[in-house]
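my_file36.txt follows; it contains compact mmCIF, C-alpha atoms.
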```txt
# COMPACT_ATOMS: atom_id res chain seq x y z
CA GLU A 248 20.05 6.55 3.85
CA ALA A 249 18.95 2.93 3.56
CA GLY A 250 15.32 2.31 2.75
CA VAL A 251 13.04 -0.36 4.15
CA THR A 252 14.69 -3.75 3.73
CA GLN A 253 12.92 -7.07 3.66
CA SER A 254 14.10 -10.66 3.69
CA PRO A 255 13.93 -13.12 2.17
CA THR A 256 13.17 -11.88 -1.33
CA HIS A 257 11.56 -15.16 -2.25
CA LEU A 258 10.33 -18.03 -0.11
CA ILE A 259 8.77 -21.32 -1.13
CA LYS A 260 6.92 -23.36 1.46
CA THR A 261 4.59 -26.31 1.43
CA ARG A 262 1.05 -26.23 2.71
CA GLY A 263 0.87 -26.54 6.50
CA GLN A 264 4.36 -25.16 7.11
CA GLN A 265 5.23 -21.89 8.78
CA ALA A 266 6.82 -18.86 7.14
CA THR A 267 8.72 -16.03 8.77
CA LEU A 268 9.33 -12.76 6.96
CA ARG A 269 11.55 -9.98 8.24
CA CYS A 270 11.61 -6.24 7.86
CA SER A 271 13.97 -3.46 8.86
CA PRO A 272 12.44 0.01 8.78
CA ILE A 273 14.13 3.20 7.72
CA SER A 274 16.43 4.42 10.46
CA GLY A 275 14.45 6.53 12.92
CA HIS A 276 11.08 5.17 11.89
CA THR A 277 9.15 3.55 14.73
CA SER A 278 6.02 2.42 12.87
CA VAL A 279 6.03 -0.71 10.77
CA TYR A 280 3.16 -1.89 8.57
CA TRP A 281 2.57 -5.18 6.83
CA TYR A 282 0.44 -5.58 3.71
CA GLN A 283 -0.44 -8.60 1.60
CA GLN A 284 -0.68 -8.19 -2.17
CA ALA A 285 -1.94 -11.22 -4.04
CA LEU A 286 -0.90 -11.36 -7.70
CA GLY A 287 -2.49 -8.54 -9.65
CA LEU A 288 -4.60 -7.42 -6.72
CA GLY A 289 -4.63 -4.59 -4.22
CA LEU A 290 -2.90 -4.18 -0.89
CA GLN A 291 -4.63 -5.77 2.06
CA PHE A 292 -3.73 -4.34 5.47
CA LEU A 293 -2.32 -6.99 7.78
CA LEU A 294 -0.68 -5.44 10.82
CA TRP A 295 0.62 -2.18 12.22
CA TYR A 296 3.28 -1.97 14.92
CA ASP A 297 4.48 1.14 16.66
CA GLU A 298 6.97 1.42 19.51
CA GLY A 299 6.99 -2.33 19.93
CA GLU A 300 3.24 -2.76 20.25
CA GLU A 301 0.58 -3.99 17.85
CA ARG A 302 -1.63 -0.96 17.13
CA ASN A 303 -4.06 -2.47 14.68
CA ARG A 304 -4.64 -5.53 12.56
CA GLY A 305 -6.62 -6.24 9.43
CA ASN A 306 -9.19 -8.94 8.73
CA PHE A 307 -6.82 -11.87 8.70
CA PRO A 308 -7.01 -15.07 10.75
CA PRO A 309 -4.91 -15.44 13.92
CA ARG A 310 -2.39 -17.64 12.10
CA PHE A 311 -1.03 -14.34 10.75
CA SER A 312 0.96 -12.79 13.56
CA GLY A 313 4.02 -10.73 14.11
CA ARG A 314 6.06 -8.68 16.44
CA GLN A 315 8.26 -5.62 16.58
CA PHE A 316 11.64 -5.74 18.26
CA PRO A 317 13.30 -3.04 20.41
CA ASN A 318 15.30 -1.89 17.39
CA TYR A 319 11.94 -1.42 15.54
CA SER A 320 12.57 -4.21 13.07
CA SER A 321 9.65 -6.55 12.62
CA GLU A 322 8.75 -10.11 11.85
CA LEU A 323 5.65 -11.49 10.19
CA ASN A 324 4.78 -15.11 10.92
CA VAL A 325 2.27 -17.12 8.97
CA ASN A 326 1.38 -20.49 10.48
CA ALA A 327 -0.38 -23.44 8.88
CA LEU A 328 0.24 -22.07 5.40
CA GLU A 329 -2.52 -22.38 2.84
CA LEU A 330 -2.23 -22.14 -0.94
CA GLU A 331 -4.06 -18.81 -0.96
CA ASP A 332 -1.38 -17.29 1.27
CA SER A 333 0.82 -17.10 -1.82
CA ALA A 334 1.39 -13.40 -2.34
CA LEU A 335 3.80 -10.52 -2.16
CA TYR A 336 4.19 -9.38 1.44
CA LEU A 337 5.10 -5.74 1.68
CA CYS A 338 6.52 -4.06 4.73
CA ALA A 339 6.46 -0.30 5.14
CA SER A 340 7.62 2.15 7.76
CA SER A 341 6.76 5.68 8.75
CA LEU A 342 8.32 8.31 10.96
CA VAL A 343 4.99 9.45 12.33
CA PRO A 344 2.03 7.05 12.63
CA GLY A 345 -0.51 7.83 9.93
CA ASN A 346 1.91 9.81 7.84
CA THR A 347 3.71 8.89 4.63
CA ILE A 348 4.76 5.27 4.55
CA TYR A 349 7.75 3.94 2.64
CA PHE A 350 7.62 0.45 1.26
CA GLY A 351 10.29 -2.20 0.97
CA GLU A 352 10.71 -4.32 -2.13
CA GLY A 353 8.61 -7.08 -0.62
CA SER A 354 8.93 -10.78 0.01
CA TRP A 355 7.36 -13.21 -2.43
CA LEU A 356 5.84 -16.16 -0.61
CA THR A 357 4.81 -19.16 -2.67
CA VAL A 358 2.90 -21.99 -1.02
CA VAL A 359 2.85 -25.28 -2.92
CA GLY R 120 -15.22 -2.22 8.40
CA GLN R 121 -13.57 0.65 6.61
CA GLN R 122 -13.52 0.24 2.84
CA VAL R 123 -11.84 2.29 0.14
CA MET R 124 -12.99 1.78 -3.42
CA GLN R 125 -11.44 3.09 -6.61
CA ILE R 126 -12.80 3.39 -10.11
CA PRO R 127 -12.09 2.52 -12.77
CA GLN R 128 -10.27 -0.74 -12.18
CA TYR R 129 -8.44 -0.43 -15.50
CA GLN R 130 -7.90 2.42 -17.91
CA HIS R 131 -6.22 2.25 -21.29
CA VAL R 132 -5.42 5.58 -22.92
CA GLN R 133 -3.52 6.87 -25.91
CA GLU R 134 -0.45 8.87 -25.06
CA GLY R 135 -1.46 12.51 -24.72
CA GLU R 136 -4.95 11.77 -23.43
CA ASP R 137 -6.01 12.68 -19.91
CA PHE R 138 -6.68 10.16 -17.12
CA THR R 139 -8.66 10.34 -13.89
CA THR R 140 -9.08 7.85 -11.06
CA TYR R 141 -11.63 8.29 -8.29
CA CYS R 142 -11.42 7.10 -4.71
CA ASN R 143 -14.30 6.72 -2.27
CA SER R 144 -14.15 5.82 1.41
CA SER R 145 -16.96 4.39 3.49
CA THR R 146 -15.78 6.53 6.43
CA THR R 147 -14.52 10.06 6.95
CA LEU R 148 -10.76 10.21 6.65
CA SER R 149 -8.15 12.14 8.60
CA ASN R 150 -6.03 12.29 5.47
CA ILE R 151 -5.66 10.56 2.13
CA GLN R 152 -2.47 9.51 0.43
CA TRP R 153 -1.74 8.49 -3.15
CA TYR R 154 0.81 5.91 -4.25
CA LYS R 155 2.02 4.64 -7.61
CA GLN R 156 3.17 1.09 -8.21
CA ARG R 157 5.05 0.37 -11.39
CA PRO R 158 4.77 -3.16 -12.82
CA GLY R 159 7.00 -5.43 -10.76
CA GLY R 160 7.73 -2.70 -8.25
CA HIS R 161 6.53 -1.60 -4.85
CA PRO R 162 4.16 1.30 -4.10
CA VAL R 163 5.83 4.69 -3.99
CA PHE R 164 4.35 7.66 -2.17
CA LEU R 165 3.10 10.51 -4.36
CA ILE R 166 1.26 12.93 -2.10
CA GLN R 167 -0.82 13.42 1.03
CA LEU R 168 -3.97 15.55 1.33
CA VAL R 169 -5.23 16.60 4.74
CA LYS R 170 -7.65 19.50 4.46
CA SER R 171 -11.23 19.36 3.28
CA GLY R 172 -11.42 20.50 -0.36
CA GLU R 173 -7.65 20.55 -0.73
CA VAL R 174 -6.16 20.57 -4.22
CA LYS R 175 -2.50 19.88 -4.90
CA LYS R 176 -0.57 19.74 -8.15
CA GLN R 177 2.60 17.95 -9.13
CA LYS R 178 3.49 18.87 -12.70
CA ARG R 179 0.85 17.06 -14.79
CA LEU R 180 -0.82 15.43 -11.76
CA THR R 181 -3.68 17.11 -9.87
CA PHE R 182 -4.97 15.67 -6.61
CA GLN R 183 -8.22 16.65 -4.92
CA PHE R 184 -9.69 15.83 -1.51
CA GLY R 185 -13.45 16.07 -1.20
CA GLU R 186 -15.26 18.52 1.05
CA ALA R 187 -16.58 15.68 3.21
CA LYS R 188 -13.11 14.07 3.39
CA LYS R 189 -14.52 10.81 2.06
CA ASN R 190 -13.46 10.98 -1.56
CA SER R 191 -10.52 11.98 -3.65
CA SER R 192 -9.35 12.05 -7.23
CA LEU R 193 -6.14 11.99 -9.21
CA HIS R 194 -6.09 13.56 -12.65
CA ILE R 195 -3.19 13.23 -15.07
CA THR R 196 -3.05 15.67 -17.96
CA ALA R 197 -1.53 14.57 -21.27
CA THR R 198 -0.43 11.10 -20.19
CA GLN R 199 3.00 9.77 -21.09
CA THR R 200 4.23 6.18 -21.31
CA THR R 201 6.12 6.77 -18.06
CA ASP R 202 2.77 7.16 -16.28
CA VAL R 203 2.07 3.43 -16.70
CA GLY R 204 1.37 1.66 -13.41
CA THR R 205 -1.27 1.14 -10.76
CA TYR R 206 -2.39 4.14 -8.76
CA PHE R 207 -3.62 3.54 -5.24
CA CYS R 208 -5.29 5.90 -2.86
CA ALA R 209 -4.92 5.13 0.83
CA GLY R 210 -7.36 6.43 3.39
CA ASN R 211 -6.25 7.09 6.92
CA THR R 212 -8.40 6.67 10.01
CA ASP R 213 -7.04 4.43 12.73
CA LYS R 214 -5.14 2.53 10.07
CA LEU R 215 -4.07 3.12 6.50
CA ILE R 216 -6.39 1.27 4.12
CA PHE R 217 -5.46 1.12 0.48
CA GLY R 218 -7.99 1.45 -2.29
CA THR R 219 -8.48 -1.24 -4.88
CA GLY R 220 -6.22 0.59 -7.32
CA THR R 221 -6.55 1.73 -10.92
CA ARG R 222 -4.22 0.17 -13.45
CA LEU R 223 -3.23 2.66 -16.14
CA GLN R 224 -1.90 1.53 -19.50
CA VAL R 225 -0.67 4.16 -21.94
CA PHE R 226 -0.27 3.33 -25.61
CA PRO R 227 2.26 5.33 -27.62
```
Show how you would write the structure in this file as C-alpha cells.
Amino acid sequence: EAGVTQSPTHLIKTRGQQATLRCSPISGHTSVYWYQQALGLGLQFLLWYDEGEERNRGNFPPRFSGRQFPNYSSELNVNALELEDSALYLCASSLVPGNTIYFGEGSWLTVV
Amino acid sequence: GQQVMQIPQYQHVQEGEDFTTYCNSSTTLSNIQWYKQRPGGHPVFLIQLVKSGEVKKQKRLTFQFGEAKKNSSLHITATQTTDVGTYFCAGNTDKLIFGTGTRLQVFP
C-alpha cells in the first residue's frame, strides 16, 4: 500500500512569488493535515482538511491556503512568499479524524 | 490557543542510560500521540494514549498519560544508538498540536 506522497521534493522560489505543494493521502484516508517544520524546529500546524472541507487552521496568515479535492488529495498554496517561509512542509493523512496520522516525506521550500 | 510543551529540549546520554521526555498541554486532551523523527526523516507514529492514567509499553519504551489528561511522558530504558532522533508528543483536541520535541543523542 502506497504511503502519503508529496510533490515536489524540493522547490526554490524567490521572495514575493507563489508556491504550490501537493499531497496524496493513503488510499482510503479522508483527512489531510499540513504542518510546517522550519529547520531544526518543531511542527507547526497549518491546515486540516476532511471530506473536502477545511476543518481547522493554525496561526498562519491568510496567504497560506489550500484545498482538498474530491479524490482527497490536497494542495497547499503559499502566496507572497517571504524568506521565513523556507521550511519543510509535511503532509499527513488519517483514516479517522483525530486518530493516528501518517506523514509523507515532505516538500522542502526554499525562498531566496 | 492550545499549546503543548516538551522538556527537555535536548538530551545527550551514554548508551545504556535511561531517557525520559515530558509533555504538558495547556488544555485537556482527548488523546495524546507520540512520534519519532529520525535525522533527515519524517515523523513516524509510535503510540496513542486515550484513557486517563493509561500506561503502555513497547519493548524498552514506556508511555504514560496523566490522570488529568494534560500531560504525558515517554521513558526509554537502556538507550541504544538506534534511539537517536527527536521525539514529539502530539495532543489532540479539535486539532492535533505537536509538542516542541526532545532531541535525543546517544553516545556509544
- [ ] Could you tell me how far CA of Gln128 in chain R lies from CA of His194 in chain R, in Å and to one decimal?
- [x]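 CA of Gln128 in chain R sits 14.9 Å away from CA of His194 in chain R.
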Open item on the list: Would you pick out the contacts of Arg302 in chain A at 12 Å or less, using only C-alpha atoms, so that residues sharing its chain but fewer than 3 positions from it are not included, and give the list as a PyMOL selection string?
Closed with: (chain A and resi 277-281+293-299+305+313-315+344-345) or (chain R and resi 213-215)
Open item on the list: Would you compute the distance between CA of Thr139 in chain R and CA of Gln284 in chain A? Give it in Å to one decimal.
Closed with: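 According to the coordinates, CA of Thr139 in chain R and CA of Gln284 in chain A are separated by 23.3 Å.
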Open item on the list: Applying 10 Å and all atoms listed in the file, which residues near Arg157 in chain R remain after dropping the ones on its own chain fewer than 6 positions away? List them as a list of chain:residue names.
Closed with: R:Val163, R:Thr201, R:Asp202, R:Val203, R:Gly204, R:Thr205, R:Tyr206, R:Arg222, R:Leu223
TODO: Go through R:Ser192, R:Gln224, R:Gln152, R:Thr140 and flag the residue nearest chain A, using all atoms listed in the file for the distances.
DONE: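 Going through R:Ser192, R:Gln224, R:Gln152, R:Thr140 one by one, the smallest distance to chain A is for R:Gln152.
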Task: Given all atoms listed in the file as the counted atoms, nearest of R:Arg179, R:Phe184, R:Gly218, R:Pro127 to chain A - done: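 Distance minimum relative to chain A lands on R:Gly218.
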Task: Exercise answer, chain R residues close to chain A, 9 Å and all atoms listed in the file, as a VMD selection string - done: chain R and resid 149 to 150 152 160 to 164 166 to 167 207 211 to 220
As a tab-separated table (two decimals), in the frame of the given file, please: range 134-163 of chain R completed to N, CA and C atoms.
```tsv
chain	number	residue	atom	x	y	z
R	134	GLU	N	-1.36	7.86	-25.57
R	134	GLU	CA	-0.45	8.87	-25.06
R	134	GLU	C	-0.94	10.26	-25.44
R	135	GLY	N	-0.97	11.17	-24.47
R	135	GLY	CA	-1.46	12.51	-24.72
R	135	GLY	C	-2.86	12.74	-24.20
R	136	GLU	N	-3.60	11.64	-23.99
R	136	GLU	CA	-4.95	11.77	-23.43
R	136	GLU	C	-4.86	11.98	-21.92
R	137	ASP	N	-5.96	12.48	-21.35
R	137	ASP	CA	-6.01	12.68	-19.91
R	137	ASP	C	-6.52	11.41	-19.22
R	138	PHE	N	-6.27	11.33	-17.91
R	138	PHE	CA	-6.68	10.16	-17.12
R	138	PHE	C	-7.12	10.63	-15.74
R	139	THR	N	-8.20	10.02	-15.24
R	139	THR	CA	-8.66	10.34	-13.89
R	139	THR	C	-9.05	9.06	-13.17
R	140	THR	N	-8.65	8.94	-11.91
R	140	THR	CA	-9.08	7.85	-11.06
R	140	THR	C	-9.75	8.45	-9.83
R	141	TYR	N	-10.82	7.78	-9.39
R	141	TYR	CA	-11.63	8.29	-8.29
R	141	TYR	C	-11.58	7.32	-7.11
R	142	CYS	N	-11.58	7.88	-5.94
R	142	CYS	CA	-11.42	7.10	-4.71
R	142	CYS	C	-12.54	7.47	-3.74
R	143	ASN	N	-13.21	6.47	-3.20
R	143	ASN	CA	-14.30	6.72	-2.27
R	143	ASN	C	-14.15	5.87	-1.02
R	144	SER	N	-14.26	6.52	0.13
R	144	SER	CA	-14.15	5.82	1.41
R	144	SER	C	-15.52	5.70	2.06
R	145	SER	N	-15.70	4.60	2.77
R	145	SER	CA	-16.96	4.39	3.49
R	145	SER	C	-17.00	5.23	4.78
R	146	THR	N	-15.85	5.74	5.20
R	146	THR	CA	-15.78	6.53	6.43
R	146	THR	C	-15.02	7.83	6.18
R	147	THR	N	-15.23	8.79	7.04
R	147	THR	CA	-14.52	10.06	6.95
R	147	THR	C	-13.05	9.83	7.30
R	148	LEU	N	-12.19	10.45	6.52
R	148	LEU	CA	-10.76	10.21	6.65
R	148	LEU	C	-10.05	11.38	7.32
R	149	SER	N	-8.98	11.07	8.04
R	149	SER	CA	-8.15	12.14	8.60
R	149	SER	C	-7.23	12.70	7.50
R	150	ASN	N	-6.77	11.84	6.64
R	150	ASN	CA	-6.03	12.29	5.47
R	150	ASN	C	-6.11	11.21	4.40
R	151	ILE	N	-5.71	11.55	3.21
R	151	ILE	CA	-5.66	10.56	2.13
R	151	ILE	C	-4.31	10.68	1.44
R	152	GLN	N	-3.77	9.55	1.09
R	152	GLN	CA	-2.47	9.51	0.43
R	152	GLN	C	-2.63	8.80	-0.92
R	153	TRP	N	-1.75	9.13	-1.84
R	153	TRP	CA	-1.74	8.49	-3.15
R	153	TRP	C	-0.37	7.86	-3.40
R	154	TYR	N	-0.41	6.66	-3.95
R	154	TYR	CA	0.81	5.91	-4.25
R	154	TYR	C	0.74	5.41	-5.69
R	155	LYS	N	1.93	5.21	-6.27
R	155	LYS	CA	2.02	4.64	-7.61
R	155	LYS	C	2.88	3.38	-7.54
R	156	GLN	N	2.41	2.33	-8.16
R	156	GLN	CA	3.17	1.09	-8.21
R	156	GLN	C	3.42	0.73	-9.67
R	157	ARG	N	4.69	0.78	-10.04
R	157	ARG	CA	5.05	0.37	-11.39
R	157	ARG	C	5.00	-1.15	-11.48
R	158	PRO	N	4.79	-1.70	-12.67
R	158	PRO	CA	4.77	-3.16	-12.82
R	158	PRO	C	6.04	-3.78	-12.25
R	159	GLY	N	5.85	-4.76	-11.36
R	159	GLY	CA	7.00	-5.43	-10.76
R	159	GLY	C	7.65	-4.68	-9.62
R	160	GLY	N	7.12	-3.51	-9.30
R	160	GLY	CA	7.73	-2.70	-8.25
R	160	GLY	C	6.87	-2.62	-7.00
R	161	HIS	N	7.30	-1.80	-6.06
R	161	HIS	CA	6.53	-1.60	-4.85
R	161	HIS	C	5.88	-0.22	-4.89
R	162	PRO	N	4.83	-0.01	-4.10
R	162	PRO	CA	4.16	1.30	-4.10
R	162	PRO	C	5.10	2.40	-3.64
R	163	VAL	N	5.01	3.53	-4.33
R	163	VAL	CA	5.83	4.69	-3.99
R	163	VAL	C	4.91	5.86	-3.71
```
